[in-house]
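Below is one structure, written out as C-alpha cells; comments come after it.
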Amino acid sequence: MEITEKLIKTHSLSREEALELLKHTKDPAAVAKLARAAVEIRRRYYGDKVFTRGLIEFTNYCKNNCYYCGIRGGNLHAVRYRLAEEEIMDCCRNGYDLGFRTFVLQGGEDPFYTDEKIAGLVKGIKKRYPDCAVTLSIGEKTREAYRMFRDAGADRYLLRHETANEEHYKRLHPAGMSLRARKQCLYDLKDLGYQVGAGFMVGSPGQTPECLAEDLVFLQELKPQMVGMGPFIPHHDTRFAGEPAGSVELTLFLLSVVRLLLPKVLLPATTALGTMDPCGRERGLEAGANVVMPNLSPVKNRKQYDLYDNKICTGEEAAEGFECLRQKVASAGYRLVSERGDFCGADE
Ligand code: 5AD
C-alpha cells in the first residue's frame with residue numbers, strides 16, 4: 001500500500017513506481033483507496049460539477065488505417081458519410097438548446113475537409129455561439145493547420161496518443177504512422193495555446209503493464225488538460241476482431257490514477273466505458289472522472305460512426321436522453337452543469 005500513499009501524497013510516479021502500482025489493480029483495498037482520494041481531489045477543484053460536451057461525429061471518412069478502428073480507411077465494409085455544414089450547425093443548435101456549451105467536432109482524417117473548410121466551420125460556430133467552446137478531434141495535421149484552426153477560434157483539441165510505447169504503437173498502427181509524429185502534434189497543440197487532450201485505450205492488443213507505466217509517465221511529461229481513456233473494444237472488420245476487450249475495472253483504476261497524477265485534469269467517463277458496462281458512466285464519475293460526452297450527431301448517421309462493435313448511441317448516451325442523464329448524475333451525487341467547463345488551472 002506504500003505505493004498508493006506515495007501517489008496520493010506526491011501526485012507523481014516514476015516508471016518503476018507506476019509498474020509497482022499496477023500490481024495492485026485487482027486489490028480491492030487499493031482500488032477503493034485510490035478512488036476515494038481521486039474523488040476528494042476532484043471535489044477540491046471542481047466541486048460537484050460534471051461538465052458535458054456535445055459530440056458531433058461529422059465524418060467517418062478516414063485516410064488512416066489504425067488497425068483497431070472500425071472506420072479505418074482500409075475497411076471497405078464501412079458505410080461512409082459526411083455531414084454538410086448546415087447539418088453540423090443544426091447539431092449545434094439542438095445542443096445549445098439542451099444546455100451544451102462545448103461542441104466537439106470529431107471525425108476521421110477526411111481529406112474532403114481541407115484545413116480551410118475546418119477553419120470556416122470553427123468560425124461559423126464561434127460566431128453563432130460565442131459563449132461556447134469548440135473542440136476539434138480530427139487527427140494529425142500540420143502545425144500551420146493547427147494555428148489556422150486556433151486563429152479561427154478553436155479552444156481545445158483531442159488527440160489520443162494511443163500508447164506511449166514505440167513497439168506497441170507499431171503493433172497498432174501502419175508503417176506510415178509514428179509515435180514521434182503523434183507526440184509532436186500534441187506538443188505543437190499545447191504550444192499554440194489549445195487545451196489539449198491525450199489518452200489511450202485500456203487493454204488494446206499487446207498492451208503490457210510496461211506500456212501503461214510509460215503512458216502514465218508520458219502524461220506527467222505532457223501535462224495535458226484532458227485525458228480520454230476507455231476500454232479497447234474489438235471491431236469485427238479489423239485484425240483484432242478476435243481479441244478480448246479491455247477491462248472496465250482496469251479502466252476505472254486508471255481513471256483514479258490519472259486524476260491523482262493530474263489533479264485538475266478534465267477526465268471523461270467515455271462512451272467505450274458506457275458500452276462495456278451499463279453503469280460505466282456513473283462508475284467513471286465515482287473513480288474520478290468529471291466529464292460526459294453525449295452524442296449530438298444526427299440519429300441517421302450514428303450507427304455509421306462505428307469505431308468498435310456495439311457502440312452505444314441512444315438512451316443516455318445521446319442528446320435525446322440528456323434529461324435522463326442529468327437525473328442519473330444527480331442521483332450519483334453530482335451536478336450536470338451548462339458551462340464551457342474549461343480547465344481550471346493556469347496554462348502550463
Ligand atoms: N475500441 C475502443 N476505442 C477505440 N478507438 C478507436 N477504435 C477503438 C476500439 N476498437 C478510440 C481511439 C481513438 C478514439 C476516437 O476512439 O482511442 O483515438
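Just so we're on the same page: first chain in the C-alpha cells is A, next is B, and so on; residues restart at 1 for each chain, and ligands are numbered from 1 in the order they show up.
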Run DSSP on the backbone and grab whatever in stretch 273-327 of chain A lands in strand (DSSP E or B); send it over as a PDB file with all heavy atoms, in the first residue's frame.
```
ATOM      1  N   VAL A 291     -16.404  14.512 -16.630  1.00  0.00           N
ATOM      2  CA  VAL A 291     -16.919  14.959 -17.929  1.00  0.00           C
ATOM      3  C   VAL A 291     -17.725  13.823 -18.559  1.00  0.00           C
ATOM      4  O   VAL A 291     -17.340  12.660 -18.439  1.00  0.00           O
ATOM      5  CB  VAL A 291     -15.741  15.328 -18.876  1.00  0.00           C
ATOM      6  CG1 VAL A 291     -16.230  15.607 -20.289  1.00  0.00           C
ATOM      7  CG2 VAL A 291     -14.941  16.529 -18.342  1.00  0.00           C
ATOM      8  N   VAL A 292     -18.834  14.188 -19.210  1.00  0.00           N
ATOM      9  CA  VAL A 292     -19.546  13.218 -20.046  1.00  0.00           C
ATOM     10  C   VAL A 292     -19.731  13.834 -21.432  1.00  0.00           C
ATOM     11  O   VAL A 292     -19.815  15.051 -21.563  1.00  0.00           O
ATOM     12  CB  VAL A 292     -20.913  12.798 -19.452  1.00  0.00           C
ATOM     13  CG1 VAL A 292     -20.735  11.936 -18.218  1.00  0.00           C
ATOM     14  CG2 VAL A 292     -21.777  14.009 -19.131  1.00  0.00           C
ATOM     15  N   ASN A 295     -23.829  12.207 -27.427  1.00  0.00           N
ATOM     16  CA  ASN A 295     -23.749  12.283 -28.874  1.00  0.00           C
ATOM     17  C   ASN A 295     -24.811  13.231 -29.442  1.00  0.00           C
ATOM     18  O   ASN A 295     -25.990  13.046 -29.201  1.00  0.00           O
ATOM     19  CB  ASN A 295     -23.981  10.859 -29.407  1.00  0.00           C
ATOM     20  CG  ASN A 295     -23.496  10.698 -30.812  1.00  0.00           C
ATOM     21  OD1 ASN A 295     -23.619  11.608 -31.619  1.00  0.00           O
ATOM     22  ND2 ASN A 295     -22.933   9.553 -31.106  1.00  0.00           N
ATOM     23  N   ALA A 318     -27.112   9.652 -25.740  1.00  0.00           N
ATOM     24  CA  ALA A 318     -27.444  10.616 -26.780  1.00  0.00           C
ATOM     25  C   ALA A 318     -28.062  11.870 -26.201  1.00  0.00           C
ATOM     26  O   ALA A 318     -28.502  11.896 -25.066  1.00  0.00           O
ATOM     27  CB  ALA A 318     -28.420   9.956 -27.750  1.00  0.00           C
TER      28      ALA A 318
END
```
List every residue of stretch 90-265 of chain A that DSSP, applied to the backbone of this structure, assigns to helix (DSSP H, G or I), and report them as a short mmCIF file (atom, residue, chain, number, x, y, z; two decimals) with N, CA and C atoms, in the first residue's frame.
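Just written: selection_19.cif:
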```cif
data_model
loop_
_atom_site.label_atom_id
_atom_site.label_comp_id
_atom_site.auth_asym_id
_atom_site.auth_seq_id
_atom_site.Cartn_x
_atom_site.Cartn_y
_atom_site.Cartn_z
N ASP A 90 -27.05 22.51 -37.38
CA ASP A 90 -28.28 22.01 -36.74
C ASP A 90 -27.96 21.24 -35.46
N CYS A 91 -26.90 20.45 -35.50
CA CYS A 91 -26.48 19.70 -34.30
C CYS A 91 -26.14 20.69 -33.18
N CYS A 92 -25.46 21.76 -33.54
CA CYS A 92 -25.08 22.76 -32.53
C CYS A 92 -26.32 23.43 -31.95
N ARG A 93 -27.26 23.78 -32.82
CA ARG A 93 -28.47 24.46 -32.31
C ARG A 93 -29.21 23.56 -31.34
N ASN A 94 -29.38 22.32 -31.74
CA ASN A 94 -30.02 21.34 -30.88
C ASN A 94 -29.28 21.22 -29.55
N GLY A 95 -27.96 21.14 -29.65
CA GLY A 95 -27.14 21.01 -28.43
C GLY A 95 -27.22 22.25 -27.56
N TYR A 96 -27.19 23.40 -28.19
CA TYR A 96 -27.23 24.65 -27.41
C TYR A 96 -28.54 24.72 -26.62
N ASP A 97 -29.64 24.35 -27.30
CA ASP A 97 -30.94 24.40 -26.63
C ASP A 97 -31.00 23.42 -25.46
N LEU A 98 -30.27 22.33 -25.57
CA LEU A 98 -30.25 21.35 -24.47
C LEU A 98 -29.33 21.80 -23.33
N ASP A 115 -8.10 22.10 -44.54
CA ASP A 115 -7.84 22.96 -43.38
C ASP A 115 -8.70 24.22 -43.45
N GLU A 116 -8.86 24.75 -44.66
CA GLU A 116 -9.67 25.97 -44.81
C GLU A 116 -11.13 25.71 -44.45
N LYS A 117 -11.63 24.55 -44.89
CA LYS A 117 -13.04 24.23 -44.58
C LYS A 117 -13.22 24.08 -43.07
N ILE A 118 -12.27 23.44 -42.42
CA ILE A 118 -12.38 23.26 -40.96
C ILE A 118 -12.36 24.63 -40.28
N ALA A 119 -11.43 25.47 -40.70
CA ALA A 119 -11.34 26.81 -40.09
C ALA A 119 -12.66 27.56 -40.29
N GLY A 120 -13.25 27.42 -41.48
CA GLY A 120 -14.53 28.06 -41.77
C GLY A 120 -15.64 27.56 -40.83
N LEU A 121 -15.64 26.26 -40.62
CA LEU A 121 -16.64 25.65 -39.72
C LEU A 121 -16.50 26.21 -38.30
N VAL A 122 -15.25 26.22 -37.83
CA VAL A 122 -15.00 26.71 -36.47
C VAL A 122 -15.46 28.16 -36.35
N LYS A 123 -15.11 28.96 -37.35
CA LYS A 123 -15.51 30.38 -37.33
C LYS A 123 -17.02 30.51 -37.28
N GLY A 124 -17.70 29.73 -38.10
CA GLY A 124 -19.17 29.77 -38.15
C GLY A 124 -19.78 29.46 -36.79
N ILE A 125 -19.26 28.42 -36.14
CA ILE A 125 -19.82 28.02 -34.84
C ILE A 125 -19.52 29.08 -33.78
N LYS A 126 -18.29 29.59 -33.78
CA LYS A 126 -17.93 30.58 -32.77
C LYS A 126 -18.70 31.90 -32.95
N LYS A 127 -19.00 32.21 -34.21
CA LYS A 127 -19.74 33.44 -34.48
C LYS A 127 -21.17 33.32 -33.95
N ARG A 128 -21.76 32.18 -34.19
CA ARG A 128 -23.15 31.94 -33.79
C ARG A 128 -23.25 31.69 -32.28
N ARG A 143 1.45 21.90 -38.17
CA ARG A 143 1.43 22.98 -37.19
C ARG A 143 0.70 24.21 -37.75
N GLU A 144 0.90 24.45 -39.04
CA GLU A 144 0.24 25.60 -39.68
C GLU A 144 -1.28 25.43 -39.64
N ALA A 145 -1.72 24.21 -39.90
CA ALA A 145 -3.18 23.96 -39.85
C ALA A 145 -3.69 24.16 -38.42
N TYR A 146 -2.97 23.63 -37.45
CA TYR A 146 -3.39 23.81 -36.06
C TYR A 146 -3.46 25.31 -35.72
N ARG A 147 -2.51 26.06 -36.27
CA ARG A 147 -2.51 27.50 -35.99
C ARG A 147 -3.74 28.16 -36.64
N MET A 148 -4.04 27.73 -37.86
CA MET A 148 -5.19 28.30 -38.57
C MET A 148 -6.49 28.03 -37.80
N PHE A 149 -6.63 26.81 -37.29
CA PHE A 149 -7.85 26.46 -36.53
C PHE A 149 -7.92 27.29 -35.25
N ARG A 150 -6.77 27.48 -34.64
CA ARG A 150 -6.72 28.24 -33.38
C ARG A 150 -7.11 29.70 -33.66
N ASP A 151 -6.56 30.24 -34.76
CA ASP A 151 -6.90 31.63 -35.14
C ASP A 151 -8.39 31.75 -35.46
N ALA A 152 -8.96 30.66 -35.96
CA ALA A 152 -10.40 30.68 -36.28
C ALA A 152 -11.25 30.61 -35.01
N GLU A 166 6.86 2.70 -28.13
CA GLU A 166 7.16 2.61 -29.57
C GLU A 166 6.71 1.30 -30.21
N GLU A 167 7.14 0.19 -29.60
CA GLU A 167 6.82 -1.14 -30.16
C GLU A 167 5.33 -1.34 -30.25
N HIS A 168 4.67 -0.98 -29.15
CA HIS A 168 3.23 -1.14 -29.08
C HIS A 168 2.54 -0.25 -30.12
N TYR A 169 3.06 0.96 -30.29
CA TYR A 169 2.49 1.87 -31.28
C TYR A 169 2.53 1.23 -32.67
N LYS A 170 3.66 0.56 -32.95
CA LYS A 170 3.81 -0.09 -34.27
C LYS A 170 2.85 -1.26 -34.44
N ARG A 171 2.55 -1.93 -33.36
CA ARG A 171 1.63 -3.06 -33.44
C ARG A 171 0.20 -2.59 -33.76
N LEU A 172 -0.11 -1.36 -33.35
CA LEU A 172 -1.48 -0.84 -33.50
C LEU A 172 -1.68 -0.01 -34.76
N LEU A 179 4.82 7.23 -33.43
CA LEU A 179 4.59 7.82 -32.12
C LEU A 179 5.24 9.20 -32.02
N ARG A 180 6.38 9.32 -32.69
CA ARG A 180 7.10 10.59 -32.66
C ARG A 180 6.26 11.72 -33.26
N ALA A 181 5.65 11.42 -34.43
CA ALA A 181 4.81 12.42 -35.09
C ALA A 181 3.60 12.77 -34.21
N ARG A 182 3.06 11.74 -33.60
CA ARG A 182 1.89 11.93 -32.73
C ARG A 182 2.24 12.87 -31.58
N LYS A 183 3.36 12.58 -30.94
CA LYS A 183 3.77 13.40 -29.80
C LYS A 183 4.06 14.83 -30.25
N GLN A 184 4.68 14.96 -31.42
CA GLN A 184 4.98 16.30 -31.93
C GLN A 184 3.71 17.11 -32.09
N CYS A 185 2.67 16.47 -32.64
CA CYS A 185 1.38 17.16 -32.77
C CYS A 185 0.90 17.64 -31.42
N LEU A 186 0.99 16.79 -30.41
CA LEU A 186 0.49 17.16 -29.08
C LEU A 186 1.27 18.35 -28.51
N TYR A 187 2.59 18.33 -28.70
CA TYR A 187 3.39 19.46 -28.20
C TYR A 187 3.10 20.74 -28.99
N ASP A 188 2.90 20.60 -30.31
CA ASP A 188 2.54 21.77 -31.12
C ASP A 188 1.22 22.37 -30.63
N LEU A 189 0.26 21.51 -30.40
CA LEU A 189 -1.06 21.97 -29.96
C LEU A 189 -0.96 22.73 -28.64
N LYS A 190 -0.17 22.18 -27.73
CA LYS A 190 -0.01 22.84 -26.42
C LYS A 190 0.61 24.21 -26.61
N ASP A 191 1.64 24.22 -27.43
CA ASP A 191 2.39 25.42 -27.69
C ASP A 191 1.52 26.52 -28.30
N PRO A 209 1.83 -4.10 -18.78
CA PRO A 209 1.97 -3.13 -17.68
C PRO A 209 3.06 -2.10 -17.98
N GLU A 210 4.11 -2.52 -18.69
CA GLU A 210 5.18 -1.59 -19.05
C GLU A 210 4.63 -0.48 -19.96
N CYS A 211 3.78 -0.86 -20.90
CA CYS A 211 3.16 0.16 -21.78
C CYS A 211 2.38 1.14 -20.93
N LEU A 212 1.57 0.63 -20.03
CA LEU A 212 0.74 1.52 -19.20
C LEU A 212 1.60 2.43 -18.34
N ALA A 213 2.70 1.87 -17.80
CA ALA A 213 3.60 2.69 -16.99
C ALA A 213 4.16 3.82 -17.85
N GLU A 214 4.48 3.51 -19.11
CA GLU A 214 5.01 4.55 -20.00
C GLU A 214 3.94 5.57 -20.36
N ASP A 215 2.69 5.12 -20.49
CA ASP A 215 1.58 6.07 -20.70
C ASP A 215 1.50 7.04 -19.53
N LEU A 216 1.61 6.52 -18.32
CA LEU A 216 1.48 7.38 -17.13
C LEU A 216 2.65 8.36 -17.03
N VAL A 217 3.83 7.90 -17.40
CA VAL A 217 5.00 8.80 -17.40
C VAL A 217 4.82 9.88 -18.47
N PHE A 218 4.37 9.47 -19.65
CA PHE A 218 4.18 10.44 -20.73
C PHE A 218 3.14 11.50 -20.34
N LEU A 219 2.07 11.09 -19.71
CA LEU A 219 1.03 12.06 -19.31
C LEU A 219 1.60 13.09 -18.34
N GLN A 220 2.49 12.63 -17.45
CA GLN A 220 3.09 13.58 -16.50
C GLN A 220 4.01 14.56 -17.20
N GLU A 221 4.62 14.09 -18.28
CA GLU A 221 5.54 14.93 -19.04
C GLU A 221 4.76 15.96 -19.88
N LEU A 222 3.73 15.49 -20.57
CA LEU A 222 2.94 16.37 -21.45
C LEU A 222 2.05 17.33 -20.65
N VAL A 248 -13.15 -3.13 -17.67
CA VAL A 248 -13.79 -1.96 -17.06
C VAL A 248 -13.07 -1.62 -15.75
N GLU A 249 -12.75 -2.64 -14.97
CA GLU A 249 -12.11 -2.40 -13.66
C GLU A 249 -10.76 -1.70 -13.83
N LEU A 250 -9.97 -2.19 -14.81
CA LEU A 250 -8.66 -1.56 -15.01
C LEU A 250 -8.84 -0.11 -15.49
N THR A 251 -9.84 0.12 -16.32
CA THR A 251 -10.11 1.49 -16.78
C THR A 251 -10.43 2.39 -15.59
N LEU A 252 -11.28 1.91 -14.69
CA LEU A 252 -11.66 2.71 -13.51
C LEU A 252 -10.44 2.99 -12.64
N PHE A 253 -9.62 1.97 -12.46
CA PHE A 253 -8.39 2.12 -11.67
C PHE A 253 -7.51 3.23 -12.28
N LEU A 254 -7.36 3.18 -13.61
CA LEU A 254 -6.50 4.17 -14.29
C LEU A 254 -7.11 5.56 -14.25
N LEU A 255 -8.43 5.65 -14.28
CA LEU A 255 -9.07 6.97 -14.14
C LEU A 255 -8.68 7.59 -12.80
N SER A 256 -8.71 6.78 -11.74
CA SER A 256 -8.33 7.30 -10.42
C SER A 256 -6.86 7.71 -10.40
N VAL A 257 -6.01 6.88 -11.00
CA VAL A 257 -4.58 7.18 -11.02
C VAL A 257 -4.31 8.49 -11.78
N VAL A 258 -4.95 8.64 -12.94
CA VAL A 258 -4.72 9.85 -13.74
C VAL A 258 -5.27 11.08 -13.01
N ARG A 259 -6.41 10.95 -12.36
CA ARG A 259 -6.94 12.07 -11.56
C ARG A 259 -5.91 12.49 -10.50
N LEU A 260 -5.24 11.52 -9.91
CA LEU A 260 -4.27 11.85 -8.85
C LEU A 260 -2.98 12.42 -9.42
N LEU A 261 -2.58 11.95 -10.60
CA LEU A 261 -1.35 12.46 -11.22
C LEU A 261 -1.55 13.88 -11.75
#
```
Hey, which residues come within 9 Å of ligand 1 if we count only C-alpha atoms and all ligand atoms? Could you give them as a compact mmCIF listing (two decimals) with C-alpha atoms, in the first residue's frame?
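Contents of part_7.txt, freshly written:
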```
# COMPACT_ATOMS: atom_id res chain seq x y z
CA CYS A 66 -5.24 2.34 -37.47
CA TYR A 67 -5.59 -1.40 -37.09
CA TYR A 68 -8.04 -1.33 -34.17
CA CYS A 69 -10.53 1.15 -35.60
CA GLY A 70 -13.78 0.29 -37.39
CA ILE A 71 -13.66 3.41 -39.60
CA ARG A 72 -10.05 2.90 -40.71
CA GLN A 106 -14.81 14.70 -34.21
CA GLY A 107 -14.07 12.90 -37.43
CA GLY A 108 -11.74 10.63 -39.31
CA SER A 137 -10.76 15.94 -32.74
CA ILE A 138 -9.66 15.38 -36.32
CA GLY A 139 -6.25 13.80 -36.04
CA LEU A 158 -8.35 15.95 -28.59
CA LEU A 159 -5.65 13.67 -29.97
CA ARG A 160 -5.13 10.47 -28.04
CA HIS A 161 -1.53 9.33 -28.14
CA GLU A 162 -2.95 5.74 -28.09
CA ALA A 198 -4.22 12.98 -24.88
CA GLY A 199 -5.21 9.45 -23.92
CA PHE A 200 -5.23 5.79 -24.77
CA MET A 201 -7.31 2.65 -24.92
CA VAL A 202 -7.13 0.31 -21.96
CA SER A 204 -5.54 -2.77 -26.52
CA GLY A 228 -9.51 10.31 -22.72
CA MET A 229 -9.34 6.68 -21.64
CA GLY A 230 -11.72 3.88 -22.46
CA PRO A 231 -11.52 0.13 -22.77
CA PHE A 232 -10.44 -1.30 -26.11
CA ILE A 233 -13.43 -3.00 -27.76
CA PRO A 234 -12.81 -5.24 -30.77
CA HIS A 235 -14.40 -4.36 -34.11
CA THR A 238 -10.33 -5.42 -38.05
CA PHE A 240 -8.15 -7.54 -33.78
CA ALA A 241 -11.70 -8.89 -34.17
CA ALA A 245 -11.94 -6.32 -24.82
CA GLY A 246 -10.18 -4.22 -22.20
CA THR A 271 -18.61 6.10 -24.43
CA ALA A 272 -16.49 2.95 -24.56
CA LEU A 273 -16.78 2.63 -20.78
CA ASP A 306 -18.65 2.59 -35.92
CA LEU A 307 -15.30 2.68 -34.10
CA TYR A 308 -15.93 -0.61 -32.30
CA ASP A 309 -18.71 -3.20 -32.02
```
Which residue, A:Asn290, A:Asn310, A:Asn301, A:Ser331, has the smallest gap to A:Thr52 when you use only C-alpha atoms?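 Using only C-alpha atoms, the shortest distance to A:Thr52 belongs to A:Asn290.
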From A:Asp237, A:Glu85, A:Glu57, A:Glu282, residue lying nearest A:Lys303 [only C-alpha atoms]: A:Glu57
Restricting the calculation to only C-alpha atoms: of A:Cys279, A:Cys62, A:Leu19, A:Ala289, which residue gets closest to A:Ala38? A:Ala289
By how many Å are atom CA of A:Gly341 and atom CA of A:Arg43 apart?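 Between atom CA of A:Gly341 and atom CA of A:Arg43 the gap is 14.3 Å.
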